[in-house]
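Source file: query.txt (compact mmCIF, C-alpha atoms)
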```
# COMPACT_ATOMS: atom_id res chain seq x y z
CA MET A 26 -12.98 35.38 6.36
CA PRO A 27 -15.85 36.28 3.98
CA ILE A 28 -16.64 34.59 0.69
CA ILE A 29 -16.35 37.15 -2.11
CA SER A 30 -17.37 37.21 -5.75
CA SER A 31 -16.00 39.52 -8.43
CA ASN A 32 -17.54 41.42 -11.32
CA PRO A 33 -17.31 38.74 -14.06
CA LYS A 34 -15.00 40.02 -16.78
CA THR A 35 -14.59 36.45 -18.07
CA PRO A 36 -16.91 33.39 -18.11
CA GLY A 37 -14.73 31.66 -15.51
CA GLN A 38 -15.43 34.43 -12.98
CA ARG A 39 -19.21 34.25 -13.32
CA PHE A 40 -19.68 31.51 -10.72
CA LEU A 41 -16.37 31.94 -8.90
CA ARG A 42 -16.66 32.36 -5.12
CA ARG A 43 -13.36 32.89 -3.35
CA ASN A 44 -12.37 32.91 0.29
CA LYS A 45 -10.80 36.27 1.12
CA GLN A 46 -7.77 35.49 3.25
CA VAL A 47 -5.02 37.59 4.76
CA LEU A 48 -1.92 35.51 4.10
CA ASP A 49 1.73 36.38 3.79
CA LYS A 50 2.77 36.42 0.13
CA LYS A 51 6.12 34.76 0.63
CA ARG A 52 7.87 31.68 -0.62
CA PRO A 53 7.75 28.71 1.77
CA GLU A 54 10.74 27.99 3.99
CA LYS A 55 13.17 26.09 1.79
CA LYS A 56 14.38 23.83 4.60
CA LEU A 57 10.79 22.86 5.43
CA THR A 58 9.78 21.77 1.91
CA GLU A 59 10.43 18.67 -0.16
CA PHE A 60 9.41 17.30 -3.54
CA ILE A 61 6.97 14.38 -3.56
CA HIS A 62 6.24 12.46 -6.75
CA ASN A 63 2.66 12.81 -7.96
CA LYS A 64 1.49 9.23 -8.48
CA LYS A 65 -1.56 10.25 -10.53
CA GLY A 66 -3.62 7.46 -8.96
CA ARG A 67 -1.27 4.70 -10.15
CA ASN A 68 0.51 1.93 -8.26
CA CYS A 69 4.10 0.70 -8.65
CA TYR A 70 3.12 -1.16 -11.85
CA GLY A 71 1.63 1.93 -13.49
CA ARG A 72 -1.93 0.66 -13.20
CA ILE A 73 -4.70 3.02 -12.13
CA THR A 74 -5.87 2.13 -8.61
CA SER A 75 -7.52 5.49 -7.79
CA ARG A 76 -9.55 6.81 -10.69
CA ARG A 77 -9.99 10.41 -11.79
CA ARG A 78 -6.60 11.68 -10.65
CA GLY A 79 -3.82 13.23 -12.71
CA GLY A 80 -2.39 16.46 -14.04
CA GLY A 81 -2.50 19.40 -11.71
CA HIS A 82 -0.02 22.12 -10.90
CA LYS A 83 3.42 21.34 -9.51
CA ARG A 84 3.62 21.75 -5.76
CA LEU A 85 6.07 21.26 -2.93
CA TYR A 86 5.16 19.40 0.23
CA ARG A 87 5.43 21.45 3.44
CA GLN A 88 6.83 19.49 6.37
CA ILE A 89 4.37 20.07 9.22
CA ASP A 90 5.14 19.46 12.88
CA PHE A 91 2.34 17.02 13.75
CA ARG A 92 4.21 15.62 16.76
CA ARG A 93 4.82 18.97 18.53
CA ASN A 94 7.74 17.37 20.39
CA LYS A 95 9.70 20.57 21.13
CA PHE A 96 8.72 20.86 24.78
CA ASP A 97 8.70 23.99 26.94
CA VAL A 98 10.36 26.18 24.29
CA GLU A 99 8.33 29.28 23.45
CA GLY A 100 7.63 29.97 19.80
CA THR A 101 6.42 33.11 18.01
CA VAL A 102 4.04 33.20 15.04
CA LYS A 103 5.99 34.77 12.16
CA ALA A 104 3.70 34.23 9.15
CA PHE A 105 0.53 32.62 7.85
CA GLU A 106 0.94 30.72 4.57
CA TYR A 107 -1.11 28.89 1.98
CA ASP A 108 -0.60 25.13 1.66
CA PRO A 109 -1.52 23.57 -1.72
CA ASN A 110 -1.63 20.09 -0.16
CA ARG A 111 -4.51 20.65 2.28
CA SER A 112 -7.54 22.82 2.99
CA ALA A 113 -6.10 24.39 6.15
CA ASN A 114 -3.57 27.22 6.20
CA LEU A 115 -0.20 27.01 7.95
CA ALA A 116 1.42 29.10 10.65
CA LEU A 117 5.20 29.49 10.61
CA ILE A 118 6.58 29.30 14.15
CA GLU A 119 10.05 30.52 15.11
CA TYR A 120 11.25 29.17 18.47
CA ALA A 121 13.54 30.91 20.94
CA ASP A 122 16.52 28.81 19.79
CA GLY A 123 16.03 29.93 16.17
CA GLU A 124 14.40 26.76 14.81
CA LYS A 125 11.38 27.18 12.53
CA ARG A 126 8.47 24.80 12.11
CA TYR A 127 5.08 24.75 10.42
CA ILE A 128 1.85 23.95 12.29
CA LEU A 129 -1.81 24.01 11.25
CA ALA A 130 -3.09 27.54 11.82
CA PRO A 131 -5.99 27.53 14.34
CA GLU A 132 -8.72 30.15 14.46
CA GLY A 133 -7.86 33.14 16.62
CA LEU A 134 -4.09 32.84 16.24
CA LYS A 135 -2.42 36.14 15.27
CA LEU A 136 0.99 37.34 14.16
CA GLY A 137 3.31 37.71 17.13
CA ASP A 138 1.36 35.34 19.39
CA LYS A 139 3.35 33.04 21.67
CA LEU A 140 2.71 29.30 21.89
CA PHE A 141 4.50 26.16 23.01
CA SER A 142 4.14 22.45 23.71
CA THR A 143 4.28 21.15 27.28
CA ASP A 144 3.36 18.26 29.57
CA LYS A 145 2.66 20.57 32.50
CA THR A 146 -0.79 21.55 33.79
CA LEU A 147 -1.78 25.09 32.75
CA THR A 148 -4.48 27.54 33.81
CA GLU A 149 -4.91 29.36 30.47
CA PHE A 150 -5.64 27.52 27.22
CA THR A 151 -5.10 29.67 24.14
CA PRO A 152 -5.29 28.46 20.51
CA GLY A 153 -2.16 26.67 19.36
CA LEU A 154 -1.07 25.17 22.70
CA SER A 155 -0.12 21.49 22.48
CA LEU A 156 -0.93 19.37 25.54
CA LYS A 157 -1.74 15.83 26.58
CA LEU A 158 -5.46 15.06 26.61
CA ARG A 159 -5.36 14.47 30.39
CA ASN A 160 -4.13 18.06 30.89
CA ILE A 161 -6.93 19.69 28.86
CA PRO A 162 -10.18 20.66 30.62
CA PRO A 163 -13.44 18.98 29.49
CA ALA A 164 -15.62 20.67 26.84
CA THR A 165 -12.54 22.18 25.14
CA PHE A 166 -12.44 22.25 21.34
CA ILE A 167 -9.27 20.58 20.07
CA HIS A 168 -7.69 19.52 16.78
CA ALA A 169 -4.58 17.72 15.45
CA ILE A 170 -5.13 14.76 17.81
CA GLU A 171 -2.93 11.69 18.03
CA ILE A 172 -4.36 8.17 17.79
CA GLU A 173 -1.35 6.68 19.61
CA PRO A 174 1.02 8.60 21.90
CA GLY A 175 4.02 9.96 20.00
CA ARG A 176 2.75 8.87 16.59
CA GLY A 177 1.76 12.34 15.42
CA ALA A 178 -1.59 14.03 14.83
CA ALA A 179 -4.04 12.12 12.65
CA ILE A 180 -7.52 13.32 13.73
CA ALA A 181 -9.23 16.68 12.98
CA ARG A 182 -6.73 18.26 10.58
CA GLY A 183 -8.99 19.75 7.87
CA ALA A 184 -10.12 23.37 7.55
CA GLY A 185 -12.74 24.35 10.14
CA VAL A 186 -12.67 20.91 11.80
CA PHE A 187 -12.52 20.22 15.54
CA ALA A 188 -13.24 17.55 18.11
CA GLN A 189 -14.47 18.07 21.67
CA LEU A 190 -13.00 16.55 24.80
CA LEU A 191 -15.89 15.28 26.92
CA GLY A 192 -13.99 13.95 29.90
CA ILE A 193 -11.27 11.69 31.32
CA GLU A 194 -11.84 8.21 32.76
CA ASN A 195 -8.71 6.81 34.43
CA ASP A 196 -6.17 6.52 31.59
CA ARG A 197 -8.70 7.09 28.77
CA ALA A 198 -10.13 10.27 27.32
CA ILE A 199 -13.65 10.49 25.87
CA LEU A 200 -13.81 12.45 22.63
CA LYS A 201 -16.63 13.60 20.41
CA MET A 202 -15.20 13.29 16.91
CA PRO A 203 -15.94 15.66 13.99
CA SER A 204 -18.33 13.00 12.61
CA GLY A 205 -20.34 12.99 15.86
CA GLU A 206 -18.94 9.65 16.96
CA GLN A 207 -17.96 9.34 20.62
CA ARG A 208 -14.96 7.17 21.40
CA TYR A 209 -12.13 6.48 23.81
CA LEU A 210 -8.52 7.52 23.24
CA ASN A 211 -5.38 7.11 25.32
CA ALA A 212 -5.17 10.10 27.67
CA GLU A 213 -1.42 10.35 26.93
CA CYS A 214 -2.13 11.34 23.32
CA ARG A 215 -1.38 14.95 22.43
CA ALA A 216 -3.79 17.47 20.94
CA THR A 217 -3.76 21.16 20.02
CA VAL A 218 -6.21 23.60 21.60
CA GLY A 219 -8.63 25.38 19.26
CA VAL A 220 -10.40 24.92 15.93
CA VAL A 221 -8.55 24.57 12.62
CA GLY A 222 -8.75 27.88 10.72
CA ASN A 223 -9.98 28.69 7.21
CA SER A 224 -13.48 27.42 8.04
CA GLU A 225 -14.98 29.13 4.96
CA HIS A 226 -13.05 26.79 2.68
CA GLN A 227 -16.11 24.56 2.17
CA ASN A 228 -18.19 27.50 0.89
CA GLN A 229 -15.90 28.29 -2.04
CA GLN A 230 -16.97 27.64 -5.64
CA LEU A 231 -14.30 26.90 -8.22
CA GLY A 232 -16.26 28.58 -11.01
CA LYS A 233 -14.95 26.54 -13.93
CA ALA A 234 -13.80 23.03 -14.80
CA GLY A 235 -10.23 24.18 -15.36
CA ARG A 236 -9.73 24.92 -11.68
CA ASN A 237 -10.47 21.28 -10.90
CA ARG A 238 -7.78 20.27 -13.39
CA TRP A 239 -5.29 22.58 -11.65
CA LEU A 240 -6.00 20.64 -8.46
CA GLY A 241 -5.26 17.33 -10.17
CA ARG A 242 -8.89 16.18 -10.43
CA ARG A 243 -9.85 14.65 -13.77
CA PRO A 244 -13.41 14.52 -15.14
CA ARG A 245 -15.87 12.07 -13.59
CA VAL A 246 -18.23 10.12 -15.86
CA ARG A 247 -21.38 8.59 -14.35
CA GLY A 248 -21.73 4.84 -14.67
CA MET A 249 -25.33 5.26 -15.84
CA VAL A 250 -24.23 6.90 -19.09
CA MET A 251 -21.60 4.24 -19.88
CA ASN A 252 -22.06 1.13 -21.98
CA PRO A 253 -22.92 -2.18 -20.29
CA VAL A 254 -19.42 -3.48 -21.01
CA ASP A 255 -17.90 -0.61 -19.01
CA HIS A 256 -20.19 -0.44 -15.97
CA PRO A 257 -22.94 -2.54 -14.29
CA ASN A 258 -25.30 0.48 -14.38
CA GLY A 259 -24.66 1.24 -18.06
CA GLY A 260 -26.79 0.65 -21.14
CA GLY A 261 -30.55 0.84 -21.64
CA GLN A 262 -30.86 3.58 -24.29
CA GLY A 263 -31.46 6.22 -21.66
CA LYS A 264 -33.21 5.55 -18.35
CA SER A 265 -35.01 2.23 -18.55
CA LYS A 266 -35.97 -0.77 -16.42
CA GLY A 267 -33.34 -2.96 -18.03
CA GLY A 268 -30.43 -0.57 -17.58
CA GLY A 269 -29.43 3.06 -17.45
CA GLY A 270 -29.34 3.40 -13.69
CA ARG A 271 -32.53 1.61 -12.62
CA GLN A 272 -30.49 -1.17 -10.98
CA HIS A 273 -29.01 -0.92 -7.50
CA LEU A 274 -26.05 1.43 -7.64
CA LYS A 275 -22.75 -0.40 -7.93
CA SER A 276 -19.09 0.18 -8.56
CA PRO A 277 -17.58 -0.90 -11.90
CA TRP A 278 -16.59 -4.15 -10.16
CA GLY A 279 -20.08 -4.95 -8.90
CA GLN A 280 -19.75 -3.78 -5.28
CA LEU A 281 -23.04 -2.32 -4.00
CA SER A 282 -22.54 1.32 -3.04
CA LYS A 283 -25.60 1.97 -0.86
CA GLY A 284 -27.60 0.29 1.86
CA PHE A 285 -25.01 -1.12 4.25
CA PRO A 286 -22.01 0.09 6.28
CA THR A 287 -18.59 -0.47 4.79
CA ARG A 288 -16.65 -0.39 8.09
CA ALA A 289 -15.11 -3.78 8.88
CA LYS A 290 -17.00 -5.56 11.67
CA ALA A 291 -13.80 -7.07 13.02
CA LYS A 292 -11.91 -3.76 13.21
CA THR A 293 -9.86 -3.76 16.40
CA THR A 294 -10.73 -0.15 17.31
CA ASN A 295 -14.46 -0.92 17.39
CA ALA A 296 -14.07 -1.64 21.11
CA GLN A 297 -13.13 2.02 21.66
CA ILE A 298 -16.39 3.39 20.18
CA ILE A 299 -19.07 4.51 22.64
CA THR A 300 -21.63 6.05 20.26
CA ARG A 301 -21.49 5.70 16.49
CA ARG A 302 -21.80 8.63 14.10
CA ASN A 303 -25.47 7.72 13.44
CA GLY A 304 -26.25 8.18 17.15
CA LYS A 305 -26.57 4.47 18.01
CA LYS A 306 -24.81 3.32 21.14
CA VAL A 307 -22.48 0.34 20.81
CA LYS A 308 -23.41 -2.64 22.96
CA LYS A 309 -20.68 -4.03 25.16
CA GLY A 310 -18.97 -7.07 23.71
CA LYS A 311 -19.51 -5.90 20.08
```
Show how you would write the structure in this file as structure tokens.
Amino acid sequence: MPIISSNPKTPGQRFLRRNKQVLDKKRPEKKLTEFIHNKKGRNCYGRITSRRRGGGHKRLYRQIDFRRNKFDVEGTVKAFEYDPNRSANLALIEYADGEKRYILAPEGLKLGDKLFSTDKTLTEFTPGLSLKLRNIPPATFIHAIEIEPGRGAAIARGAGVFAQLLGIENDRAILKMPSGEQRYLNAECRATVGVVGNSEHQNQQLGKAGRNRWLGRRPRVRGMVMNPVDHPNGGGQGKSKGGGGRQHLKSPWGQLSKGFPTRAKAKTTNAQIITRRNGKKVKKGK
């Protein structure tokens, strides 16, 4: 879908760039929604653990079928809907037995299209089909991928995102992740064929600060412009050698923010990585 701008009648429209989408203007399915408390970045004691969150418009959570465990029952695409909780749009699927479920809407899916989830080997692979990795041909673009069989999709769920299946080795599948990393996954894990839709989402411009507040994002203040008591990079009467951002960049608690990887060296899934996102191959035994 194209990015459009409007004739600015107000200051907020001057820099606004919107993604023109053809969505069904309908209320979400009542049985597939639930209320989730907005924690506003606070823990169970009311202390802020994630800064710069709060406010925002009320929204209902849409229950999405990430497991795709309704096997060999054909479903029909009934509507495409907006989801305020994620960048991707949703497709409402009505199955032959009358049950309705939401899935992430892939590119190329249209109203009235048929799709299903199966463990059988197929000859045609259209967007929206859910299969085991071992039943998908190499070089296929996939999304909504499980990390463990039956756990539900956890990889490649954002707008315009996809991974690529490179091949199958015994009981393991080789995937090229959205980050460029190549890794092994259990070949019994499920994935959905195609690319997640709404790929122009990243090219939108909100146009004004108020739209960020509607999304629950509070203002962000740079550490460099704070006082020394509030941030390690603060102070200095402007930019200076003694303060004001000339030090190594840190968090408010003194953790260096640049210059070294933050991934845990002892992470158990490191053994499944073939090539890291920076292009370096992982040596065996590390």
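Closest approach to Gly183 (chain A) among A:Gly263, A:Gly222, A:Gly241, A:Pro253: A:Gly222, based on all atoms listed in the file.
For the pair CA of Gly279 (chain A) and CA of Gly66 (chain A), the interatomic distance is 20.6 Å.
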Name the closest residue to Ile29 (chain A) among the candidates A:Asn68, A:Asn228, A:Thr151, A:Asn295; distances are taken between atoms, counting only C-alpha atoms.
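Result for the nearest residue to Ile29 (chain A): A:Asn228.
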If we count only C-alpha atoms and set the cut-off at 9 Å, which residues sit around region 135-149 of chain A, ignoring sequence neighbours fewer than 6 positions away in its own chain? Please answer as a PyMOL selection string.
chain A and resi 93-105+116+118+120+155-157+160-161+217
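Among the candidates A:Val221, A:Leu41, A:Gln297, A:Lys50, the one nearest to Ile128 (chain A) when counting all atoms listed in the file is A:Val221.
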Could you tell me which of A:Pro152, A:His82, A:Glu213, A:Ser265 comes closest to Leu240 (chain A) if we count all atoms listed in the file?
A:His82
Residue among A:Ile170, A:Arg242, A:Ser282, A:Val186 lying closest to Glu225 (chain A), counting all atoms listed in the file:
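Ranked by minimum distance to Glu225 (chain A), first place goes to A:Val186.
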Take CA of Gly37 (chain A) and CA of Lys233 (chain A) and report the distance between them in Å, one decimal.
5.4 Å
Selection near Lys56 (chain A), 12 Å with only C-alpha atoms, sequence-local residues under 5 positions removed, as a list in words:
Leu85, Tyr86, Arg87, Gln88, Ile89, Glu124, Lys125, Arg126 and Tyr127 of chain A
With all atoms of region 48-55 of chain A from the file as input, state the centre and edge lengths in Å to one decimal of the axis-aligned box that has 6 Å extra on each side, as lines of an AutoDock Vina configuration file.
```
center_x = 5.6
center_y = 31.3
center_z = 1.7
size_x = 27.1
size_y = 22.3
size_z = 16.7
```
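Rounded to one decimal, CA of Met202 (chain A) and CA of Val220 (chain A) lie 12.6 Å from each other.
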Take region 195-206 of chain A, model N, CA and C atoms, and hand the result over as a PDB file, in the coordinates of the input.
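New file rebuild.pdb:
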```
ATOM      1  N   ASN A 195      -9.961   7.503  34.122  1.00  0.00           N
ATOM      2  CA  ASN A 195      -8.710   6.810  34.430  1.00  0.00           C
ATOM      3  C   ASN A 195      -7.639   7.193  33.401  1.00  0.00           C
ATOM      4  N   ASP A 196      -7.219   6.240  32.578  1.00  0.00           N
ATOM      5  CA  ASP A 196      -6.170   6.520  31.590  1.00  0.00           C
ATOM      6  C   ASP A 196      -6.735   6.710  30.197  1.00  0.00           C
ATOM      7  N   ARG A 197      -8.060   6.915  30.081  1.00  0.00           N
ATOM      8  CA  ARG A 197      -8.700   7.090  28.770  1.00  0.00           C
ATOM      9  C   ARG A 197      -9.454   8.410  28.707  1.00  0.00           C
ATOM     10  N   ALA A 198      -9.396   9.028  27.554  1.00  0.00           N
ATOM     11  CA  ALA A 198     -10.130  10.270  27.320  1.00  0.00           C
ATOM     12  C   ALA A 198     -11.339   9.963  26.433  1.00  0.00           C
ATOM     13  N   ILE A 199     -12.444  10.649  26.688  1.00  0.00           N
ATOM     14  CA  ILE A 199     -13.650  10.490  25.870  1.00  0.00           C
ATOM     15  C   ILE A 199     -13.735  11.681  24.931  1.00  0.00           C
ATOM     16  N   LEU A 200     -13.787  11.391  23.639  1.00  0.00           N
ATOM     17  CA  LEU A 200     -13.810  12.450  22.630  1.00  0.00           C
ATOM     18  C   LEU A 200     -15.074  12.361  21.786  1.00  0.00           C
ATOM     19  N   LYS A 201     -15.587  13.528  21.427  1.00  0.00           N
ATOM     20  CA  LYS A 201     -16.630  13.600  20.410  1.00  0.00           C
ATOM     21  C   LYS A 201     -15.943  14.008  19.120  1.00  0.00           C
ATOM     22  N   MET A 202     -15.940  13.095  18.140  1.00  0.00           N
ATOM     23  CA  MET A 202     -15.200  13.290  16.910  1.00  0.00           C
ATOM     24  C   MET A 202     -15.943  14.262  15.982  1.00  0.00           C
ATOM     25  N   PRO A 203     -15.263  14.768  14.938  1.00  0.00           N
ATOM     26  CA  PRO A 203     -15.940  15.660  13.990  1.00  0.00           C
ATOM     27  C   PRO A 203     -17.167  15.028  13.324  1.00  0.00           C
ATOM     28  N   SER A 204     -17.194  13.688  13.223  1.00  0.00           N
ATOM     29  CA  SER A 204     -18.330  13.000  12.610  1.00  0.00           C
ATOM     30  C   SER A 204     -19.515  12.870  13.561  1.00  0.00           C
ATOM     31  N   GLY A 205     -19.306  13.181  14.858  1.00  0.00           N
ATOM     32  CA  GLY A 205     -20.340  12.990  15.860  1.00  0.00           C
ATOM     33  C   GLY A 205     -20.139  11.731  16.674  1.00  0.00           C
ATOM     34  N   GLU A 206     -19.242  10.875  16.239  1.00  0.00           N
ATOM     35  CA  GLU A 206     -18.940   9.650  16.960  1.00  0.00           C
ATOM     36  C   GLU A 206     -18.261   9.960  18.284  1.00  0.00           C
TER      37      GLU A 206
END
```
